[in-house]
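Worksheet for the structure shown next.
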Amino acid sequence: RALYMYMYAHPGKKLNFMGNEIGQLREWDEKREQDWNIVEYPVHEKFARFMRDLHLVYEAHPAFWEQDFAEDGFDWLDCHQEENLIYVMKRKSEEQSVIALFNFSGETQNYELNVEDAEYLKLLLASDNEIYNGTKTYEYNEKLILEDGMAGVELAPFSAMFFEVK
C-alpha cells in the first residue's frame, strides 16, 4: 500500500496492471477473465477498497496532477533520512498543497514534520488504516494542528500518509 501511495504522489504517469487493484494472485492473461471473486476474501476486499480510495483522493486533489510535469509541482521536504527510510514530499497545484510521508522501514517512526505557512494538516489517506487491513484507526479529514509550523507524526512500519496543507 505504501508503494502504491508513493507512485501516486510521485510526478509522472501511473501504471497499474489489470488485476493489481484487487490483489490478484496470478499474472494477467488475455485469454482468461480476471479473478473477480477474489474480493470475497477480506484481505483482497480491503485492498480493493484501499485502491479505490487512493484513486478517489488522487482524482479529487489537483495538487497530485495539475502540475505533474512542472518543476513547481513537486518538492522533496525530506529525502535525507536514509538510515530511517523516511521520505517526505510535497505536491502542489495553484490552489492547494498535499504532503506525502513515507516510512519504508519495518519500525514505527516518530517524525517531526516542519510545514511553513500552514495552520493545520488535514488527513486524506493513511495506508495503515484498519479498514485497509492495517493496524490503526484513522479519522479522515482529521486536523493535525501545527505549533510553530511543526507537528509530530507517528508512522507505522511500511506505511504512508497524505495530508492536505491548510
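By convention here, the chains of the C-alpha cells are called A, B, ... in the order presented, each chain's residues are numbered starting at 1, and ligands are numbered starting at 1 in the order presented.
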
Using only C-alpha atoms, which residues sit within 10 Å of Asp117 in chain A once same-chain residues fewer than 6 positions away are excluded, as a ChimeraX atom specification? /A:146,148-149,165-166

Which residues are close to Pro11 in chain A, i.e. within 12 Å by only C-alpha atoms, leaving aside same-chain residues fewer than 5 positions away? Reply as an mmCIF file with N, CA and C atoms, in the first residue's frame.
```
data_model
loop_
_atom_site.group_PDB
_atom_site.id
_atom_site.type_symbol
_atom_site.label_atom_id
_atom_site.label_comp_id
_atom_site.auth_asym_id
_atom_site.auth_seq_id
_atom_site.Cartn_x
_atom_site.Cartn_y
_atom_site.Cartn_z
ATOM 1 N N MET A 5 1.009 4.345 -2.798
ATOM 2 C CA MET A 5 0.880 5.761 -2.448
ATOM 3 C C MET A 5 2.097 6.544 -2.934
ATOM 4 N N TYR A 6 3.269 5.933 -2.878
ATOM 5 C CA TYR A 6 4.469 6.598 -3.397
ATOM 6 C C TYR A 6 4.314 6.866 -4.900
ATOM 7 N N TYR A 58 -6.590 10.890 -5.163
ATOM 8 C CA TYR A 58 -5.775 11.416 -6.264
ATOM 9 C C TYR A 58 -6.619 12.273 -7.194
ATOM 10 N N ALA A 63 -3.445 18.926 -6.653
ATOM 11 C CA ALA A 63 -2.023 19.020 -6.309
ATOM 12 C C ALA A 63 -1.256 17.807 -6.826
ATOM 13 N N PHE A 64 -1.908 16.662 -6.935
ATOM 14 C CA PHE A 64 -1.249 15.444 -7.414
ATOM 15 C C PHE A 64 -0.985 15.453 -8.913
ATOM 16 N N TRP A 65 -1.806 16.174 -9.680
ATOM 17 C CA TRP A 65 -1.720 16.017 -11.130
ATOM 18 C C TRP A 65 -1.704 17.317 -11.938
ATOM 19 N N GLU A 66 -2.114 18.427 -11.344
ATOM 20 C CA GLU A 66 -2.230 19.652 -12.131
ATOM 21 C C GLU A 66 -0.896 20.122 -12.704
ATOM 22 N N GLN A 67 0.154 20.012 -11.923
ATOM 23 C CA GLN A 67 1.490 20.420 -12.381
ATOM 24 C C GLN A 67 2.418 19.201 -12.421
ATOM 25 N N ASP A 68 1.912 18.131 -12.987
ATOM 26 C CA ASP A 68 2.633 16.860 -12.968
ATOM 27 C C ASP A 68 4.012 16.952 -13.620
ATOM 28 N N PHE A 69 4.135 17.760 -14.649
ATOM 29 C CA PHE A 69 5.410 17.845 -15.358
ATOM 30 C C PHE A 69 6.074 19.205 -15.201
ATOM 31 N N ALA A 70 5.644 19.965 -14.193
ATOM 32 C CA ALA A 70 6.229 21.274 -13.926
ATOM 33 C C ALA A 70 7.115 21.183 -12.681
ATOM 34 N N GLU A 71 8.211 21.872 -12.728
ATOM 35 C CA GLU A 71 9.143 21.860 -11.592
ATOM 36 C C GLU A 71 8.485 22.378 -10.312
ATOM 37 N N ASP A 72 7.561 23.331 -10.446
ATOM 38 C CA ASP A 72 6.901 23.907 -9.277
ATOM 39 C C ASP A 72 5.884 22.970 -8.636
ATOM 40 N N GLY A 73 5.568 21.859 -9.271
ATOM 41 C CA GLY A 73 4.548 20.955 -8.758
ATOM 42 C C GLY A 73 5.038 19.948 -7.742
ATOM 43 N N PHE A 74 6.355 19.909 -7.489
ATOM 44 C CA PHE A 74 6.923 18.874 -6.624
ATOM 45 C C PHE A 74 8.094 19.430 -5.831
ATOM 46 N N ASP A 75 8.148 19.078 -4.553
ATOM 47 C CA ASP A 75 9.290 19.406 -3.690
ATOM 48 C C ASP A 75 9.586 18.228 -2.780
ATOM 49 N N TRP A 76 10.867 17.913 -2.649
ATOM 50 C CA TRP A 76 11.276 16.993 -1.592
ATOM 51 C C TRP A 76 11.354 17.813 -0.318
ATOM 52 N N MET A 89 7.490 14.300 0.713
ATOM 53 C CA MET A 89 7.406 15.140 -0.477
ATOM 54 C C MET A 89 6.154 15.989 -0.419
ATOM 55 N N LYS A 90 6.185 17.058 -1.196
ATOM 56 C CA LYS A 90 5.031 17.938 -1.305
ATOM 57 C C LYS A 90 4.647 18.050 -2.767
ATOM 58 N N ARG A 91 3.369 17.873 -3.046
ATOM 59 C CA ARG A 91 2.808 18.097 -4.374
ATOM 60 C C ARG A 91 1.977 19.364 -4.317
ATOM 61 N N LYS A 92 2.057 20.177 -5.398
ATOM 62 C CA LYS A 92 1.404 21.481 -5.370
ATOM 63 C C LYS A 92 0.646 21.751 -6.661
#
```

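Taking only C-alpha atoms into account, Gly152 in chain A lies nearest to A:Tyr111 out of the set A:Tyr87, A:Phe102, A:Tyr111, A:Phe50.
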
For range 129-140 of chain A: contacts at 8 Å, only C-alpha atoms, fewer than 2 positions along chain excluded, given as a ChimeraX atom specification: /A:43,46-47,49-50,122-127,142

Residues from the last selection, N, CA and C atoms, saved as an mmCIF file, in the first residue's frame:
```cif
data_model
loop_
_atom_site.group_PDB
_atom_site.id
_atom_site.type_symbol
_atom_site.label_atom_id
_atom_site.label_comp_id
_atom_site.auth_asym_id
_atom_site.auth_seq_id
_atom_site.Cartn_x
_atom_site.Cartn_y
_atom_site.Cartn_z
ATOM 1 N N VAL A 43 -8.976 -9.913 2.907
ATOM 2 C CA VAL A 43 -7.715 -9.225 2.596
ATOM 3 C C VAL A 43 -7.803 -8.551 1.224
ATOM 4 N N LYS A 46 -10.343 -5.567 1.270
ATOM 5 C CA LYS A 46 -9.763 -4.378 1.902
ATOM 6 C C LYS A 46 -8.728 -3.722 1.000
ATOM 7 N N PHE A 47 -7.971 -4.525 0.275
ATOM 8 C CA PHE A 47 -7.001 -3.944 -0.655
ATOM 9 C C PHE A 47 -7.714 -3.240 -1.805
ATOM 10 N N ARG A 49 -10.593 -1.848 -1.642
ATOM 11 C CA ARG A 49 -11.109 -0.594 -1.059
ATOM 12 C C ARG A 49 -10.004 0.448 -0.963
ATOM 13 N N PHE A 50 -8.819 0.014 -0.539
ATOM 14 C CA PHE A 50 -7.690 0.936 -0.474
ATOM 15 C C PHE A 50 -7.387 1.527 -1.852
ATOM 16 N N LYS A 122 -4.773 18.324 7.057
ATOM 17 C CA LYS A 122 -5.980 17.507 7.044
ATOM 18 C C LYS A 122 -5.620 16.137 6.476
ATOM 19 N N LEU A 123 -5.842 15.091 7.261
ATOM 20 C CA LEU A 123 -5.512 13.734 6.823
ATOM 21 C C LEU A 123 -6.427 13.312 5.678
ATOM 22 N N LEU A 124 -5.815 12.905 4.576
ATOM 23 C CA LEU A 124 -6.556 12.444 3.406
ATOM 24 C C LEU A 124 -6.576 10.922 3.284
ATOM 25 N N LEU A 125 -5.436 10.290 3.586
ATOM 26 C CA LEU A 125 -5.330 8.844 3.415
ATOM 27 C C LEU A 125 -4.168 8.321 4.250
ATOM 28 N N ALA A 126 -4.374 7.174 4.873
ATOM 29 C CA ALA A 126 -3.318 6.507 5.644
ATOM 30 C C ALA A 126 -3.323 5.035 5.266
ATOM 31 N N SER A 127 -2.206 4.547 4.771
ATOM 32 C CA SER A 127 -2.140 3.161 4.300
ATOM 33 C C SER A 127 -2.287 2.156 5.430
ATOM 34 N N GLU A 142 -9.439 14.478 9.626
ATOM 35 C CA GLU A 142 -8.995 14.885 10.955
ATOM 36 C C GLU A 142 -7.920 15.957 10.802
#
```

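Among the candidates A:Met161, A:Ile99, A:Met18, A:Val88, the one nearest to Trp36 in chain A when counting only C-alpha atoms is A:Met18.
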
Could you work out how far CA of Tyr8 in chain A lies from CA of Pro62 in chain A, giving the answer in Å with one decimal? 12.1 Å

Residues at most 7 Å from range 155-159 of chain A, counting only C-alpha atoms, excluding those fewer than 5 positions away in the same chain, as a tab-separated table (two decimals) with N, CA, C and O atoms, in the first residue's frame?
```tsv
chain	number	residue	atom	x	y	z
A	2	ALA	N	1.95	1.26	0.78
A	2	ALA	CA	2.82	2.43	0.82
A	2	ALA	C	3.47	2.68	-0.54
A	2	ALA	O	3.62	3.83	-0.96
A	102	PHE	N	6.33	8.94	4.00
A	102	PHE	CA	6.56	7.51	3.77
A	102	PHE	C	7.54	6.96	4.78
A	102	PHE	O	8.59	7.56	5.02
A	103	ASN	N	7.20	5.82	5.36
A	103	ASN	CA	8.10	5.09	6.24
A	103	ASN	C	8.29	3.71	5.61
A	103	ASN	O	7.42	2.85	5.69
A	104	PHE	N	9.43	3.51	4.98
A	104	PHE	CA	9.71	2.24	4.33
A	104	PHE	C	10.52	1.30	5.22
A	104	PHE	O	11.07	0.31	4.74
A	105	SER	N	10.60	1.61	6.50
A	105	SER	CA	11.31	0.72	7.43
A	105	SER	C	10.31	-0.20	8.11
A	105	SER	O	9.10	0.04	8.10
A	106	GLY	N	10.82	-1.22	8.76
A	106	GLY	CA	9.98	-2.16	9.49
A	106	GLY	C	9.73	-1.73	10.92
A	106	GLY	O	9.21	-2.51	11.71
A	107	GLU	N	10.08	-0.50	11.26
A	107	GLU	CA	9.92	0.01	12.62
A	107	GLU	C	8.97	1.21	12.62
A	107	GLU	O	8.94	1.99	11.67
A	108	THR	N	8.22	1.38	13.71
A	108	THR	CA	7.42	2.59	13.90
A	108	THR	C	8.37	3.76	14.05
A	108	THR	O	9.38	3.67	14.75
A	109	GLN	N	8.08	4.86	13.37
A	109	GLN	CA	8.93	6.04	13.41
A	109	GLN	C	8.13	7.25	13.89
A	109	GLN	O	7.00	7.47	13.43
A	110	ASN	N	8.69	8.01	14.81
A	110	ASN	CA	8.11	9.28	15.22
A	110	ASN	C	8.85	10.36	14.44
A	110	ASN	O	10.07	10.49	14.56
A	127	SER	N	-2.21	4.55	4.77
A	127	SER	CA	-2.14	3.16	4.30
A	127	SER	C	-2.29	2.16	5.43
A	127	SER	O	-2.66	1.01	5.19
A	128	ASP	N	-2.02	2.58	6.66
A	128	ASP	CA	-2.08	1.66	7.80
A	128	ASP	C	-3.45	1.66	8.47
A	128	ASP	O	-3.62	1.10	9.54
```

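For the choices A:His61, A:Arg52, A:Lys31, A:Lys13, the atom-to-atom distance to Arg1 in chain A is smallest for A:Arg52 when using only C-alpha atoms.
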
Report as a PyMOL selection string all protein, DNA and RNA residues lying within 12 Å of Ala60 in chain A, evaluated on only C-alpha atoms, omitting residues in the same chain fewer than 6 positions from it. chain A and resi 53-54+66+96+98+124+164

Suppose we keep C-alpha atoms; can you now write the selection as a PDB file, in the first residue's frame?
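Contents of again-v1.pdb, freshly written:
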```
ATOM      1  CA  ASP A  53      -9.879   5.315  -2.015  1.00  0.00           C
ATOM      2  CA  LEU A  54      -6.362   6.075  -3.253  1.00  0.00           C
ATOM      3  CA  GLU A  66      -2.230  19.652 -12.131  1.00  0.00           C
ATOM      4  CA  GLN A  96      -3.555  23.530  -2.842  1.00  0.00           C
ATOM      5  CA  VAL A  98      -0.511  17.908  -0.331  1.00  0.00           C
ATOM      6  CA  LEU A 124      -6.556  12.444   3.406  1.00  0.00           C
ATOM      7  CA  GLU A 164      -3.685  18.418   2.664  1.00  0.00           C
TER       8      GLU A 164
END
```

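DSSP, applied to the backbone of this structure, assigns alpha helix (DSSP H) to the following residues of range 5-110 of chain A: Met5, Tyr6, Met7, Tyr8, Ala9, Pro42, Val43, His44, Glu45, Lys46, Phe47, Ala48, Arg49, Phe50, Met51, Arg52, Asp53, Leu54, His55, Leu56, Val57, Tyr58, Glu59 and Ala60 of chain A.
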
Save out the residues we just selected, N, CA and C atoms, as a PDB file, in the first residue's frame.
```pdb
ATOM      1  N   MET A   5       1.009   4.345  -2.798  1.00  0.00           N
ATOM      2  CA  MET A   5       0.880   5.761  -2.448  1.00  0.00           C
ATOM      3  C   MET A   5       2.097   6.544  -2.934  1.00  0.00           C
ATOM      4  N   TYR A   6       3.269   5.933  -2.878  1.00  0.00           N
ATOM      5  CA  TYR A   6       4.469   6.598  -3.397  1.00  0.00           C
ATOM      6  C   TYR A   6       4.314   6.866  -4.900  1.00  0.00           C
ATOM      7  N   MET A   7       3.844   5.869  -5.646  1.00  0.00           N
ATOM      8  CA  MET A   7       3.664   6.049  -7.081  1.00  0.00           C
ATOM      9  C   MET A   7       2.646   7.163  -7.358  1.00  0.00           C
ATOM     10  N   TYR A   8       1.558   7.192  -6.631  1.00  0.00           N
ATOM     11  CA  TYR A   8       0.528   8.205  -6.869  1.00  0.00           C
ATOM     12  C   TYR A   8       0.999   9.600  -6.471  1.00  0.00           C
ATOM     13  N   ALA A   9       1.876   9.707  -5.476  1.00  0.00           N
ATOM     14  CA  ALA A   9       2.373  11.011  -5.046  1.00  0.00           C
ATOM     15  C   ALA A   9       3.515  11.517  -5.910  1.00  0.00           C
ATOM     16  N   PRO A  42     -11.537 -11.282   2.714  1.00  0.00           N
ATOM     17  CA  PRO A  42     -11.374  -9.982   3.379  1.00  0.00           C
ATOM     18  C   PRO A  42     -10.091  -9.226   3.025  1.00  0.00           C
ATOM     19  N   VAL A  43      -8.976  -9.913   2.907  1.00  0.00           N
ATOM     20  CA  VAL A  43      -7.715  -9.225   2.596  1.00  0.00           C
ATOM     21  C   VAL A  43      -7.803  -8.551   1.224  1.00  0.00           C
ATOM     22  N   HIS A  44      -8.371  -9.231   0.256  1.00  0.00           N
ATOM     23  CA  HIS A  44      -8.481  -8.686  -1.095  1.00  0.00           C
ATOM     24  C   HIS A  44      -9.550  -7.595  -1.171  1.00  0.00           C
ATOM     25  N   GLU A  45     -10.635  -7.766  -0.422  1.00  0.00           N
ATOM     26  CA  GLU A  45     -11.682  -6.740  -0.385  1.00  0.00           C
ATOM     27  C   GLU A  45     -11.128  -5.452   0.207  1.00  0.00           C
ATOM     28  N   LYS A  46     -10.343  -5.567   1.270  1.00  0.00           N
ATOM     29  CA  LYS A  46      -9.763  -4.378   1.902  1.00  0.00           C
ATOM     30  C   LYS A  46      -8.728  -3.722   1.000  1.00  0.00           C
ATOM     31  N   PHE A  47      -7.971  -4.525   0.275  1.00  0.00           N
ATOM     32  CA  PHE A  47      -7.001  -3.944  -0.655  1.00  0.00           C
ATOM     33  C   PHE A  47      -7.714  -3.240  -1.805  1.00  0.00           C
ATOM     34  N   ALA A  48      -8.780  -3.836  -2.320  1.00  0.00           N
ATOM     35  CA  ALA A  48      -9.560  -3.190  -3.386  1.00  0.00           C
ATOM     36  C   ALA A  48     -10.147  -1.874  -2.894  1.00  0.00           C
ATOM     37  N   ARG A  49     -10.593  -1.848  -1.642  1.00  0.00           N
ATOM     38  CA  ARG A  49     -11.109  -0.594  -1.059  1.00  0.00           C
ATOM     39  C   ARG A  49     -10.004   0.448  -0.963  1.00  0.00           C
ATOM     40  N   PHE A  50      -8.819   0.014  -0.539  1.00  0.00           N
ATOM     41  CA  PHE A  50      -7.690   0.936  -0.474  1.00  0.00           C
ATOM     42  C   PHE A  50      -7.387   1.527  -1.852  1.00  0.00           C
ATOM     43  N   MET A  51      -7.322   0.688  -2.871  1.00  0.00           N
ATOM     44  CA  MET A  51      -7.021   1.173  -4.221  1.00  0.00           C
ATOM     45  C   MET A  51      -8.102   2.140  -4.713  1.00  0.00           C
ATOM     46  N   ARG A  52      -9.354   1.840  -4.417  1.00  0.00           N
ATOM     47  CA  ARG A  52     -10.441   2.757  -4.789  1.00  0.00           C
ATOM     48  C   ARG A  52     -10.276   4.101  -4.087  1.00  0.00           C
ATOM     49  N   ASP A  53     -10.024   4.074  -2.773  1.00  0.00           N
ATOM     50  CA  ASP A  53      -9.879   5.315  -2.015  1.00  0.00           C
ATOM     51  C   ASP A  53      -8.649   6.103  -2.458  1.00  0.00           C
ATOM     52  N   LEU A  54      -7.565   5.407  -2.761  1.00  0.00           N
ATOM     53  CA  LEU A  54      -6.362   6.075  -3.253  1.00  0.00           C
ATOM     54  C   LEU A  54      -6.665   6.810  -4.553  1.00  0.00           C
ATOM     55  N   HIS A  55      -7.351   6.142  -5.449  1.00  0.00           N
ATOM     56  CA  HIS A  55      -7.698   6.780  -6.719  1.00  0.00           C
ATOM     57  C   HIS A  55      -8.629   7.976  -6.501  1.00  0.00           C
ATOM     58  N   LEU A  56      -9.593   7.852  -5.606  1.00  0.00           N
ATOM     59  CA  LEU A  56     -10.518   8.958  -5.340  1.00  0.00           C
ATOM     60  C   LEU A  56      -9.796  10.167  -4.737  1.00  0.00           C
ATOM     61  N   VAL A  57      -8.851   9.920  -3.837  1.00  0.00           N
ATOM     62  CA  VAL A  57      -8.065  11.020  -3.253  1.00  0.00           C
ATOM     63  C   VAL A  57      -7.229  11.682  -4.340  1.00  0.00           C
ATOM     64  N   TYR A  58      -6.590  10.890  -5.163  1.00  0.00           N
ATOM     65  CA  TYR A  58      -5.775  11.416  -6.264  1.00  0.00           C
ATOM     66  C   TYR A  58      -6.619  12.273  -7.194  1.00  0.00           C
ATOM     67  N   GLU A  59      -7.756  11.764  -7.591  1.00  0.00           N
ATOM     68  CA  GLU A  59      -8.624  12.469  -8.535  1.00  0.00           C
ATOM     69  C   GLU A  59      -9.185  13.768  -7.950  1.00  0.00           C
ATOM     70  N   ALA A  60      -9.473  13.786  -6.659  1.00  0.00           N
ATOM     71  CA  ALA A  60     -10.104  14.937  -6.010  1.00  0.00           C
ATOM     72  C   ALA A  60      -9.125  16.048  -5.637  1.00  0.00           C
TER      73      ALA A  60
END
```

Select from range 21-158 of chain A everything DSSP, run on the backbone, classes as strand (DSSP E or B), then give the selection as number ranges by chain. A: 74-81, 86-92, 97-103, 109-114, 120-126, 129, 136, 143-145, 147, 150-155

To one decimal in Å, tell me the separation between CA of Met150 in chain A and CA of Leu113 in chain A. 5.6 Å
